[in-house]
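For reference, coords-v5.txt is printed below; it contains compact mmCIF, C-alpha atoms.
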```
# COMPACT_ATOMS: atom_id res chain seq x y z
CA MET A 326 -36.65 -8.19 26.49
CA GLU A 327 -36.03 -5.16 24.37
CA GLY A 328 -38.73 -4.16 21.92
CA SER A 329 -38.35 -3.62 18.22
CA PRO A 330 -39.63 -0.88 15.88
CA ALA A 331 -42.10 -3.43 14.42
CA GLN A 332 -43.87 -3.76 17.83
CA VAL A 333 -44.43 -0.03 18.48
CA ASP A 334 -45.64 2.92 16.46
CA VAL A 335 -42.59 4.74 15.17
CA PRO A 336 -42.98 8.47 14.48
CA SER A 337 -42.90 8.98 10.74
CA TYR A 338 -40.20 11.66 10.96
CA PHE A 339 -37.86 9.05 12.52
CA LEU A 340 -38.00 7.00 9.32
CA CYS A 341 -35.68 7.47 6.37
CA PRO A 342 -37.72 8.33 3.24
CA ILE A 343 -35.54 5.95 1.21
CA SER A 344 -35.20 2.85 3.40
CA MET A 345 -38.37 3.46 5.49
CA GLU A 346 -36.43 2.31 8.55
CA ILE A 347 -35.45 4.20 11.71
CA MET A 348 -32.52 6.47 10.92
CA ARG A 349 -29.28 5.48 12.62
CA ASP A 350 -27.37 8.56 11.48
CA PRO A 351 -29.83 11.24 10.29
CA VAL A 352 -28.34 13.83 7.93
CA THR A 353 -29.97 16.72 6.07
CA LEU A 354 -29.46 17.76 2.47
CA SER A 355 -29.49 21.35 1.25
CA SER A 356 -33.07 20.68 0.12
CA GLY A 357 -34.09 20.48 3.78
CA ILE A 358 -35.04 16.78 3.71
CA THR A 359 -33.46 14.44 6.26
CA TYR A 360 -32.32 10.92 5.38
CA ASP A 361 -30.27 8.16 6.94
CA ARG A 362 -26.64 8.76 5.97
CA GLU A 363 -26.08 5.31 4.50
CA SER A 364 -29.16 5.53 2.28
CA ILE A 365 -28.62 9.03 0.93
CA GLU A 366 -24.90 8.55 0.34
CA ARG A 367 -25.66 5.41 -1.63
CA TRP A 368 -28.26 7.38 -3.64
CA VAL A 369 -25.98 10.34 -4.39
CA PHE A 370 -22.48 8.88 -4.57
CA THR A 371 -22.87 5.19 -5.41
CA ASP A 372 -25.92 5.31 -7.70
CA GLY A 373 -24.89 8.69 -9.15
CA HIS A 374 -28.16 10.59 -8.74
CA GLY A 375 -27.77 14.36 -8.80
CA GLU A 376 -31.03 15.36 -7.15
CA CYS A 377 -32.84 15.08 -3.82
CA PRO A 378 -35.01 11.92 -3.93
CA MET A 379 -38.02 13.65 -2.37
CA THR A 380 -38.00 17.17 -3.82
CA LYS A 381 -36.10 16.39 -7.06
CA GLN A 382 -34.08 19.55 -6.41
CA GLN A 383 -30.77 19.41 -8.26
CA LEU A 384 -27.76 19.21 -5.96
CA GLY A 385 -24.58 21.06 -6.82
CA VAL A 386 -21.20 19.52 -6.06
CA ALA A 387 -20.94 21.51 -2.84
CA ASP A 388 -24.48 20.53 -1.81
CA ARG A 389 -24.01 16.77 -2.02
CA GLU A 390 -22.29 16.40 1.37
CA PRO A 391 -25.12 16.10 3.93
CA THR A 392 -25.13 17.85 7.29
CA PRO A 393 -25.53 15.75 10.50
CA ASN A 394 -28.89 16.32 12.18
CA HIS A 395 -27.80 16.00 15.82
CA THR A 396 -31.15 17.16 17.22
CA LEU A 397 -33.12 14.46 15.43
CA ARG A 398 -30.53 11.83 16.32
CA ARG A 399 -30.89 12.67 20.05
CA LEU A 400 -34.68 12.52 19.74
CA ILE A 401 -34.48 9.09 18.11
CA GLN A 402 -32.10 7.81 20.77
CA GLY A 403 -34.33 9.15 23.56
CA TRP A 404 -37.40 7.58 21.99
CA CYS A 405 -35.59 4.23 21.70
CA ALA A 406 -34.69 4.39 25.41
CA VAL A 407 -38.28 5.17 26.49
CA HIS A 408 -39.81 2.42 24.34
CA ALA A 409 -37.17 -0.20 25.18
CA VAL A 410 -36.04 -0.34 21.56
CA GLU A 411 -32.41 -1.18 20.94
CA ARG A 412 -30.49 2.09 20.78
CA PHE A 413 -28.23 2.85 17.89
CA PRO A 414 -24.69 3.88 18.86
CA THR A 415 -23.74 7.48 18.27
CA PRO A 416 -21.87 7.61 14.94
CA ARG A 417 -18.33 8.88 14.97
CA ALA A 418 -17.80 12.30 13.46
CA PRO A 419 -16.28 12.31 9.94
CA VAL A 420 -12.54 12.82 9.78
CA ASP A 421 -11.30 16.37 9.52
CA ALA A 422 -9.30 17.26 6.41
CA ALA A 423 -6.62 18.78 8.63
CA ARG A 424 -6.02 15.36 10.20
CA VAL A 425 -5.49 13.82 6.78
CA VAL A 426 -3.03 16.58 5.87
CA ALA A 427 -1.15 15.99 9.14
CA LEU A 428 -0.92 12.25 8.45
CA VAL A 429 0.40 12.81 4.92
CA ASP A 430 2.99 15.31 6.20
CA ALA A 431 4.07 12.92 8.95
CA ALA A 432 4.37 10.03 6.50
CA ARG A 433 6.90 11.99 4.45
CA ARG A 434 9.32 12.26 7.40
CA GLY A 435 10.47 8.66 7.77
CA HIS A 436 9.71 4.96 7.44
CA ASP A 437 8.37 4.51 10.98
CA LEU A 438 6.00 7.42 10.63
CA LEU A 439 5.11 6.26 7.12
CA THR A 440 3.91 2.86 8.34
CA ALA A 441 1.88 4.32 11.21
CA SER A 442 0.36 7.06 9.04
CA LEU A 443 -0.66 4.64 6.30
CA LYS A 444 -2.27 2.35 8.86
CA GLU A 445 -4.31 5.24 10.29
CA LEU A 446 -5.27 6.42 6.81
CA ALA A 447 -6.45 2.91 5.96
CA ASP A 448 -8.60 2.84 9.11
CA ILE A 449 -10.03 6.27 8.29
CA VAL A 450 -10.95 5.28 4.73
CA ALA A 451 -12.52 2.00 5.85
CA GLU A 452 -14.70 3.71 8.46
CA SER A 453 -17.15 5.47 6.12
CA ASP A 454 -17.76 6.71 2.60
CA CYS A 455 -17.69 10.25 3.95
CA ASN A 456 -14.12 9.72 5.18
CA ARG A 457 -13.19 8.13 1.85
CA ARG A 458 -14.34 11.22 -0.05
CA CYS A 459 -12.57 13.48 2.44
CA VAL A 460 -9.22 11.73 1.94
CA GLU A 461 -9.64 11.79 -1.83
CA ALA A 462 -10.40 15.52 -1.78
CA VAL A 463 -7.36 16.53 0.32
CA PRO A 464 -4.86 18.13 -2.10
CA GLY A 465 -1.81 15.93 -2.57
CA ALA A 466 -3.13 12.89 -0.66
CA VAL A 467 -3.73 10.70 -3.71
CA ALA A 468 -0.48 11.86 -5.34
CA PHE A 469 1.40 10.95 -2.15
CA LEU A 470 -0.06 7.43 -2.12
CA VAL A 471 0.92 6.96 -5.76
CA SER A 472 4.45 8.15 -4.95
CA VAL A 473 4.73 5.56 -2.15
CA VAL A 474 3.73 2.83 -4.59
CA LYS A 475 6.17 4.11 -7.21
CA LYS A 476 9.08 4.33 -4.77
CA HIS A 477 8.73 0.77 -3.49
CA ALA A 478 7.72 -0.76 -6.82
CA ALA A 479 10.88 0.63 -8.38
CA GLU A 480 12.87 -1.86 -6.30
CA ASP A 481 12.76 -4.45 -9.06
CA THR A 482 12.43 -7.97 -7.71
CA PRO A 483 12.02 -11.11 -9.83
CA MET A 484 8.44 -12.27 -10.06
CA LYS A 485 7.41 -15.19 -7.88
CA PRO A 486 6.62 -18.41 -9.76
CA ALA A 487 3.03 -19.27 -10.55
CA LEU A 488 0.89 -20.70 -7.79
CA GLY A 489 1.11 -24.45 -7.63
CA SER A 490 -1.20 -26.07 -5.11
CA GLN A 491 -4.91 -25.54 -4.67
CA GLU A 492 -4.16 -24.46 -1.10
CA ASP A 493 -1.94 -21.64 -2.38
CA GLN A 494 -4.61 -20.53 -4.84
CA THR A 495 -7.25 -20.50 -2.11
CA MET A 496 -5.02 -18.54 0.24
CA TYR A 497 -3.96 -15.93 -2.28
CA GLY A 498 -7.31 -15.88 -4.01
CA SER A 499 -8.87 -14.45 -0.85
CA VAL A 500 -6.82 -11.26 -0.90
CA LEU A 501 -9.50 -9.52 -2.93
CA SER A 502 -11.92 -9.64 -0.03
CA SER A 503 -10.16 -8.35 3.11
CA PRO A 504 -6.37 -8.49 2.81
CA LYS A 505 -3.88 -7.19 5.32
CA ALA A 506 -1.20 -4.93 3.95
CA SER A 507 2.28 -6.14 4.89
CA SER A 508 4.42 -3.35 3.42
CA PRO A 509 4.11 0.40 2.71
CA GLU A 510 3.51 -0.41 -0.96
CA ASP A 511 0.73 -2.87 -0.13
CA ALA A 512 -0.81 -0.39 2.31
CA ALA A 513 -0.75 2.47 -0.23
CA LEU A 514 -2.21 0.22 -2.94
CA SER A 515 -4.92 -0.93 -0.52
CA ILE A 516 -5.88 2.66 0.31
CA LEU A 517 -5.91 3.71 -3.35
CA HIS A 518 -8.18 0.79 -4.15
CA SER A 519 -10.50 1.55 -1.21
CA LEU A 520 -10.77 5.22 -2.24
CA LYS A 521 -12.62 4.23 -5.45
CA LEU A 522 -11.20 7.29 -7.17
CA SER A 523 -13.56 9.47 -9.15
CA GLU A 524 -13.08 10.27 -12.83
CA GLN A 525 -11.59 13.66 -11.93
CA SER A 526 -9.09 12.11 -9.53
CA TRP A 527 -8.00 9.55 -12.12
CA LYS A 528 -7.46 12.32 -14.64
CA ARG A 529 -5.18 14.13 -12.20
CA VAL A 530 -3.23 10.93 -11.51
CA LEU A 531 -2.82 10.16 -15.20
CA GLU A 532 -1.84 13.72 -16.11
CA ARG A 533 1.05 13.83 -13.65
CA GLY A 534 4.61 13.69 -14.97
CA ASP A 535 5.35 10.26 -13.50
CA ASN A 536 3.91 7.55 -15.73
CA PHE A 537 1.28 5.66 -13.76
CA LEU A 538 1.28 2.80 -16.26
CA ASP A 539 5.01 2.26 -15.72
CA THR A 540 4.39 2.19 -11.97
CA MET A 541 1.69 -0.44 -12.40
CA ALA A 542 4.01 -2.46 -14.65
CA SER A 543 6.54 -2.52 -11.81
CA VAL A 544 3.84 -3.49 -9.31
CA LEU A 545 2.75 -6.44 -11.46
CA ARG A 546 6.36 -7.67 -11.54
CA ARG A 547 6.65 -7.69 -7.74
CA PRO A 548 6.75 -11.02 -5.86
CA SER A 549 3.89 -9.89 -3.59
CA TYR A 550 0.57 -11.43 -4.58
CA LEU A 551 -1.15 -8.71 -2.56
CA SER A 552 0.57 -5.98 -4.58
CA ARG A 553 -0.26 -7.65 -7.88
CA THR A 554 -3.90 -8.13 -6.88
CA TYR A 555 -4.39 -4.48 -5.95
CA GLY A 556 -2.30 -3.43 -8.94
CA ILE A 557 -4.50 -5.17 -11.50
CA GLN A 558 -7.64 -3.69 -9.91
CA LEU A 559 -6.22 -0.17 -10.04
CA LEU A 560 -5.03 -0.73 -13.59
CA LYS A 561 -8.54 -1.68 -14.69
CA ALA A 562 -9.90 1.57 -13.21
CA ALA A 563 -7.10 3.57 -14.83
CA VAL A 564 -7.40 2.19 -18.37
CA SER A 565 -11.14 2.86 -18.36
CA GLU A 566 -10.33 6.57 -18.02
CA MET A 567 -7.44 6.67 -20.51
CA PRO A 568 -7.77 8.04 -24.03
CA PRO A 569 -6.48 5.91 -26.93
CA ALA A 570 -3.30 8.00 -27.19
CA GLN A 571 -2.21 6.86 -23.73
CA LEU A 572 -3.28 3.27 -24.24
CA THR A 573 -1.26 2.89 -27.42
CA SER A 574 1.89 3.80 -25.47
CA ALA A 575 1.52 0.89 -23.02
CA SER A 576 4.88 -0.75 -22.50
CA ALA A 577 5.67 -4.38 -23.22
CA GLU A 578 6.43 -4.77 -19.49
CA LEU A 579 2.92 -3.61 -18.57
CA VAL A 580 1.24 -5.98 -21.02
CA GLN A 581 3.46 -8.81 -19.82
CA GLY A 582 2.47 -8.07 -16.22
CA VAL A 583 -1.23 -8.21 -17.10
CA VAL A 584 -0.80 -11.48 -19.00
CA SER A 585 1.11 -12.94 -16.04
CA VAL A 586 -1.96 -12.50 -13.83
CA VAL A 587 -3.87 -14.79 -16.21
CA THR A 588 -0.97 -17.23 -16.60
CA ASP A 589 -0.38 -17.49 -12.84
CA LYS A 590 -4.12 -17.76 -12.08
CA LEU A 591 -3.66 -15.29 -9.27
CA SER A 592 -7.33 -15.68 -8.29
CA GLY A 593 -10.59 -16.10 -10.16
CA LYS A 594 -11.55 -12.47 -9.73
CA ALA A 595 -8.07 -11.16 -10.53
CA VAL A 596 -8.01 -13.19 -13.75
CA LYS A 597 -11.32 -11.71 -14.88
CA ILE A 598 -10.05 -8.21 -14.09
CA ALA A 599 -6.87 -8.88 -16.09
CA LEU A 600 -9.00 -10.07 -19.04
CA HIS A 601 -10.98 -6.83 -18.86
CA VAL A 602 -7.71 -4.89 -19.03
CA LEU A 603 -6.50 -6.94 -22.00
CA CYS A 604 -9.81 -6.32 -23.79
CA ARG A 605 -9.16 -2.61 -23.44
CA LEU A 606 -5.44 -2.64 -24.23
CA CYS A 607 -5.65 -4.93 -27.25
CA LEU A 608 -7.90 -2.55 -29.12
CA TRP A 609 -5.02 -0.19 -29.78
CA GLY A 610 -1.68 -0.05 -31.57
CA ARG A 611 0.85 -2.82 -31.23
CA ASN A 612 -0.52 -3.93 -27.89
CA ARG A 613 -1.85 -7.08 -29.56
CA VAL A 614 1.64 -8.07 -30.65
CA LYS A 615 2.99 -7.29 -27.18
CA ALA A 616 0.33 -9.52 -25.63
CA VAL A 617 1.14 -12.36 -28.03
CA GLU A 618 4.85 -12.06 -27.28
CA ALA A 619 4.01 -12.18 -23.55
CA GLY A 620 2.34 -15.58 -24.02
CA ALA A 621 -1.29 -14.44 -24.00
CA VAL A 622 -2.51 -16.98 -26.58
CA ALA A 623 -1.25 -19.98 -24.61
CA ALA A 624 -2.65 -18.51 -21.38
CA LEU A 625 -6.08 -17.97 -22.98
CA VAL A 626 -6.17 -21.47 -24.48
CA ASP A 627 -5.34 -22.95 -21.08
CA LEU A 628 -8.01 -20.81 -19.45
CA LEU A 629 -10.63 -21.82 -22.01
CA LEU A 630 -9.74 -25.49 -21.62
CA ASN A 631 -10.26 -25.32 -17.86
CA GLN A 632 -13.05 -22.78 -17.53
CA CYS A 633 -15.31 -24.21 -20.22
CA CYS A 634 -15.36 -27.49 -18.26
CA GLY A 635 -17.57 -26.25 -15.44
CA GLY A 636 -15.67 -23.03 -14.67
CA SER A 637 -16.64 -19.38 -14.92
CA LYS A 638 -18.62 -18.61 -18.05
CA GLN A 639 -17.83 -14.92 -17.66
CA ALA A 640 -14.10 -15.67 -17.77
CA CYS A 641 -14.65 -17.70 -20.96
CA GLU A 642 -16.59 -14.84 -22.55
CA LEU A 643 -13.81 -12.38 -21.75
CA ALA A 644 -11.09 -14.80 -22.86
CA ILE A 645 -12.69 -15.37 -26.25
CA VAL A 646 -13.06 -11.61 -26.78
CA VAL A 647 -9.34 -11.16 -26.09
CA MET A 648 -8.55 -14.07 -28.42
CA ASP A 649 -10.60 -12.37 -31.12
CA HIS A 650 -8.51 -9.21 -30.71
CA LEU A 651 -5.26 -11.18 -30.84
CA CYS A 652 -6.31 -12.93 -34.05
CA GLY A 653 -6.45 -9.48 -35.58
CA CYS A 654 -2.67 -9.65 -35.97
CA ALA A 655 -0.58 -12.22 -37.85
CA GLU A 656 1.43 -13.08 -34.73
CA GLY A 657 -1.73 -13.96 -32.82
CA ARG A 658 -3.09 -16.19 -35.57
CA LEU A 659 0.26 -17.95 -35.88
CA GLU A 660 0.34 -18.70 -32.15
CA LEU A 661 -3.25 -19.93 -32.17
CA VAL A 662 -2.80 -22.43 -35.02
CA ALA A 663 0.55 -23.55 -33.58
CA HIS A 664 -1.03 -24.45 -30.22
CA PRO A 665 -2.18 -28.09 -30.16
CA ALA A 666 -5.53 -27.15 -28.62
CA GLY A 667 -5.89 -23.65 -30.04
CA LEU A 668 -8.41 -24.17 -32.83
CA ALA A 669 -10.28 -26.80 -30.82
CA VAL A 670 -11.05 -24.53 -27.85
CA VAL A 671 -12.14 -21.65 -30.08
CA ALA A 672 -14.38 -24.03 -32.03
CA ARG A 673 -15.91 -25.30 -28.81
CA ALA A 674 -16.64 -21.72 -27.73
CA VAL A 675 -18.74 -21.21 -30.87
CA THR A 676 -21.63 -23.24 -29.47
CA ARG A 677 -21.10 -22.86 -25.71
CA LEU A 678 -21.16 -19.11 -25.10
CA SER A 679 -23.59 -16.24 -25.44
CA ALA A 680 -24.42 -14.65 -28.77
CA ALA A 681 -21.67 -12.07 -28.21
CA GLY A 682 -19.16 -14.78 -27.28
CA THR A 683 -20.13 -16.81 -30.33
CA GLU A 684 -19.61 -13.79 -32.54
CA SER A 685 -16.11 -13.25 -31.14
CA ALA A 686 -15.21 -16.93 -31.60
CA VAL A 687 -16.48 -16.98 -35.20
CA ARG A 688 -14.63 -13.76 -35.97
CA ALA A 689 -11.39 -15.29 -34.65
CA LEU A 690 -11.90 -18.41 -36.79
CA HIS A 691 -12.76 -16.24 -39.78
CA ALA A 692 -9.46 -14.36 -39.41
CA VAL A 693 -7.60 -17.69 -39.40
CA ALA A 694 -9.56 -19.06 -42.35
CA ARG A 695 -8.98 -15.93 -44.37
CA HIS A 696 -5.36 -15.09 -43.58
CA SER A 697 -3.68 -18.24 -42.23
CA ALA A 698 -5.38 -21.06 -44.10
CA THR A 699 -2.55 -23.44 -45.00
CA PRO A 700 -3.51 -26.97 -46.07
CA ALA A 701 -2.47 -28.28 -42.65
CA VAL A 702 -4.58 -25.65 -40.87
CA LEU A 703 -7.62 -26.44 -42.98
CA GLN A 704 -7.29 -30.14 -42.26
CA GLU A 705 -6.98 -29.43 -38.55
CA MET A 706 -10.09 -27.22 -38.65
CA LEU A 707 -11.91 -30.17 -40.16
CA ALA A 708 -10.48 -32.65 -37.65
CA VAL A 709 -11.22 -30.66 -34.46
CA GLY A 710 -14.82 -29.84 -35.33
CA VAL A 711 -14.59 -26.29 -36.67
CA VAL A 712 -16.39 -27.22 -39.89
CA GLY A 713 -19.17 -29.05 -38.09
CA ARG A 714 -19.86 -26.05 -35.86
CA LEU A 715 -19.83 -23.67 -38.82
CA LEU A 716 -22.42 -25.84 -40.54
CA PHE A 717 -24.51 -25.84 -37.37
CA LEU A 718 -24.44 -22.04 -37.30
CA VAL A 719 -25.47 -21.81 -40.92
CA GLN A 720 -28.37 -24.21 -40.45
CA ALA A 721 -29.54 -23.09 -36.99
CA GLY A 722 -28.66 -19.40 -37.15
CA ALA A 723 -29.20 -19.10 -33.41
CA ALA A 724 -26.29 -16.72 -32.84
CA GLY A 725 -27.51 -14.00 -35.19
CA ASP A 726 -26.94 -12.89 -38.74
CA ARG A 727 -23.30 -11.78 -38.57
CA PRO A 728 -21.82 -15.04 -37.22
CA ARG A 729 -24.01 -16.94 -39.66
CA GLU A 730 -22.76 -14.90 -42.63
CA ARG A 731 -19.13 -15.32 -41.56
CA ALA A 732 -19.64 -19.06 -41.15
CA ARG A 733 -21.19 -19.27 -44.62
CA GLU A 734 -18.31 -17.26 -46.06
CA MET A 735 -15.72 -19.60 -44.53
CA LEU A 736 -17.54 -22.66 -45.88
CA LYS A 737 -17.64 -21.17 -49.37
CA MET A 738 -14.02 -20.08 -49.11
CA HIS A 739 -12.73 -23.62 -48.43
CA ALA A 740 -15.50 -25.83 -49.81
CA ARG A 741 -13.03 -27.48 -52.20
CA VAL A 742 -11.03 -28.85 -49.22
CA TRP A 743 -13.91 -29.60 -46.86
CA ARG A 744 -16.57 -30.94 -49.25
CA GLY A 745 -15.40 -34.52 -48.72
CA SER A 746 -16.21 -34.34 -45.03
CA PRO A 747 -19.13 -36.44 -43.71
CA CYS A 748 -20.47 -33.16 -42.31
CA PHE A 749 -21.42 -32.06 -45.81
CA SER A 750 -24.67 -33.67 -46.82
CA PRO A 751 -25.55 -33.85 -50.54
CA HIS A 752 -27.69 -30.69 -50.47
CA LEU A 753 -24.87 -28.76 -48.73
CA ASN A 754 -22.41 -29.93 -51.37
CA ALA A 755 -24.75 -28.41 -53.91
CA SER A 756 -24.82 -25.17 -51.91
CA TYR A 757 -21.01 -24.92 -51.80
CA PRO A 758 -19.80 -26.05 -55.22
CA SER A 759 -16.09 -26.45 -55.79
```
Hey, can you dump this file as structure tokens for me?
Amino acid sequence: MEGSPAQVDVPSYFLCPISMEIMRDPVTLSSGITYDRESIERWVFTDGHGECPMTKQQLGVADREPTPNHTLRRLIQGWCAVHAVERFPTPRAPVDAARVVALVDAARRGHDLLTASLKELADIVAESDCNRRCVEAVPGAVAFLVSVVKKHAAEDTPMKPALGSQEDQTMYGSVLSSPKASSPEDAALSILHSLKLSEQSWKRVLERGDNFLDTMASVLRRPSYLSRTYGIQLLKAAVSEMPPAQLTSASAELVQGVVSVVTDKLSGKAVKIALHVLCRLCLWGRNRVKAVEAGAVAALVDLLLNQCCGGSKQACELAIVVMDHLCGCAEGRLELVAHPAGLAVVARAVTRLSAAGTESAVRALHAVARHSATPAVLQEMLAVGVVGRLLFLVQAGAAGDRPRERAREMLKMHARVWRGSPCFSPHLNASYPS
């Protein structure tokens, strides 16, 4: 039976200073300290630290790529063999930038070479974080992948109907984990997603002449669920790097594509990503109106009806934030009060979400009460429990001062209509005179 490091004394210089385990792939930083590759790359690139963990020496951009320590690796492997400890396989060398350049050049020559090159690029990127950074750094590689997506997404195809059965939702909901690309567009989108582009790379993509947002709008209209899933993930990364000037120019087609991910319930994770995108887009310009015209209010009400009954609380929190944004425009308020369950689901969110979610729900109701308060709307607010929840906020004050003050303001604003409600006790009637 082979031994284990726990049963023998392991030389201290075989252990990674971060993980304190035997190094599988020892690499050395410019500071002279050796670490296991996985641990130090997570420290530098994933966690974003800019210094050596042991010496605290600052690492320049050029110093962050570690150098393989082949001598120490051979010593560790020899020691494992002598002490009957399971040997670690020799790690494959990182990809050479010249190979990536050759693959990109070959992919430009024809469809057959394109498919094979994209498959190899996907394998290279999936192999290690070092390879991922190498592909991202090759001049023109990211731009080429975007061009592949743009070329195939431009072939406008009607969008596939929403998923119907639970089996379909389960099948397509799994594409976020380990999907298989079935077309050049899917393969390019998969690679772009796996690259986890840095802020600098996103800036270069967004500054190019071809409009990346238009490309994503086309992707979200495609019949491929795989394309739409990768598309919404890339769009979330892109909008987080965009200045307001670019966000305000989002097309109606793009907003409609994002809303369709929520409407079609592409997958639980994809829906939450789409809600994140809508939170960002609906802060600016006429994007709120575009979202309302795309059916966002009905989609959010449906989501809140389903999710608040044992579903994802995070999705409900995001949905109510988007609803709050949409109620900032007259079109959004009109759609909300016109929906049979609109005011009811927002009222329910007041007492079922976090303090931040409660604040968004109260702000949405406040916008309705202030700008869209017809007699019929006020009666509906009374009938579906809005008034009761506002009174609860005023009396309990658990959600903080701002929701409490807005609730009090709404009650004062419409006390003449609501004072006959059983919710109003005699002392509250005195507090809100007509």
Tell me, as a CSV table (one decimal) with C-alpha atoms, keeping the file's coordinate frame, which residues lie within 7 Å of A:Gly710, counting all atoms listed in the file; anything in the same chain fewer than 4 positions away does not count.
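Writing done, so here's selection39.csv:
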```
chain,number,residue,atom,x,y,z
A,672,ALA,CA,-14.4,-24.0,-32.0
A,706,MET,CA,-10.1,-27.2,-38.6
A,714,ARG,CA,-19.9,-26.0,-35.9
```
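The closest residue to A:Phe339, picked from A:Trp404, A:Phe537, A:Phe717, A:Trp368 and counting only C-alpha atoms, is A:Trp404.
Take atom CA of A:Thr440 and atom CA of A:Asp511: the distance between them is 10.7 Å.
For A:Cys459, the set of protein, DNA and RNA residues having any atom at most 7 Å away, when counting all atoms listed in the file and skipping those fewer than 4 positions along the same chain, is Ala422, Cys455 and Val463 of chain A.
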- [ ] Can you work out the spacing between atom CA of A:Leu446 and atom CA of A:Arg458 in Å, to one decimal?
- [x] 12.3 Å
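Remark: for A:Val712, the closest of the candidate residues A:Val584, A:Ala689, A:Cys654, A:Val742 is A:Val742 (distances computed over only C-alpha atoms).
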Open item on the list: With distances taken over all atoms listed in the file, which residue among A:Val583, A:Ala619, A:Ala406, A:Leu514 lies nearest A:Ala542?
Closed with: A:Val583
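Proximity of A:Ala427, A:Met567, A:Ala616, A:Ala513 to A:His477, computed with all atoms listed in the file, is greatest for A:Ala513.
The neighbours of A:Val420 here are the residues that come within 8 Å of it, using all atoms listed in the file and leaving out any residue fewer than 5 positions away in the same chain; they are Val425, Ile449, Asn456 and Cys459 of chain A.
Distances to A:Trp609 were evaluated for A:Ser356, A:Gln402, A:Thr396, A:Gln571 using all atoms listed in the file, and the minimum falls at A:Gln571.
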Task: Pick from A:Asp334, A:Ala666, A:Leu659, A:Thr588, whichever lies nearest to A:Thr699 using only C-alpha atoms - done: A:Leu659
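Here atom CA of A:Ala732 and atom CA of A:Leu715 stand 5.2 Å from one another.
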Open item on the list: Need the shell around A:Ala692: protein/DNA/RNA residues with any atom at most 9 Å away, counting only C-alpha atoms. Skip same-chain ones fewer than 2 positions apart. Format as number ranges by chain?
Closed with: A: 649, 652-654, 658, 687-690, 694-697
Open item on the list: I'd like the neighbourhood of stretch 343-354 of chain A as a PyMOL selection string, where a residue qualifies if any of its atoms comes within 7 Å (using only C-alpha atoms), though same-chain residues fewer than 3 positions away should be ignored.
Closed with: chain A and resi 339-340+357-362+364+391-394+397-398+413+416
Residue list as a PDB file with C-alpha atoms, in the coordinates of the input for point (-22.7, -17.1, -46.4), cut-off 12 Å, all atoms listed in the file:
```
ATOM      1  CA  HIS A 691     -12.760 -16.240 -39.780  1.00  0.00           C
ATOM      2  CA  LEU A 715     -19.830 -23.670 -38.820  1.00  0.00           C
ATOM      3  CA  LEU A 716     -22.420 -25.840 -40.540  1.00  0.00           C
ATOM      4  CA  LEU A 718     -24.440 -22.040 -37.300  1.00  0.00           C
ATOM      5  CA  VAL A 719     -25.470 -21.810 -40.920  1.00  0.00           C
ATOM      6  CA  GLN A 720     -28.370 -24.210 -40.450  1.00  0.00           C
ATOM      7  CA  GLY A 722     -28.660 -19.400 -37.150  1.00  0.00           C
ATOM      8  CA  ASP A 726     -26.940 -12.890 -38.740  1.00  0.00           C
ATOM      9  CA  ARG A 727     -23.300 -11.780 -38.570  1.00  0.00           C
ATOM     10  CA  PRO A 728     -21.820 -15.040 -37.220  1.00  0.00           C
ATOM     11  CA  ARG A 729     -24.010 -16.940 -39.660  1.00  0.00           C
ATOM     12  CA  GLU A 730     -22.760 -14.900 -42.630  1.00  0.00           C
ATOM     13  CA  ARG A 731     -19.130 -15.320 -41.560  1.00  0.00           C
ATOM     14  CA  ALA A 732     -19.640 -19.060 -41.150  1.00  0.00           C
ATOM     15  CA  ARG A 733     -21.190 -19.270 -44.620  1.00  0.00           C
ATOM     16  CA  GLU A 734     -18.310 -17.260 -46.060  1.00  0.00           C
ATOM     17  CA  MET A 735     -15.720 -19.600 -44.530  1.00  0.00           C
ATOM     18  CA  LEU A 736     -17.540 -22.660 -45.880  1.00  0.00           C
ATOM     19  CA  LYS A 737     -17.640 -21.170 -49.370  1.00  0.00           C
ATOM     20  CA  MET A 738     -14.020 -20.080 -49.110  1.00  0.00           C
ATOM     21  CA  ALA A 740     -15.500 -25.830 -49.810  1.00  0.00           C
ATOM     22  CA  SER A 756     -24.820 -25.170 -51.910  1.00  0.00           C
ATOM     23  CA  TYR A 757     -21.010 -24.920 -51.800  1.00  0.00           C
TER      24      TYR A 757
END
```
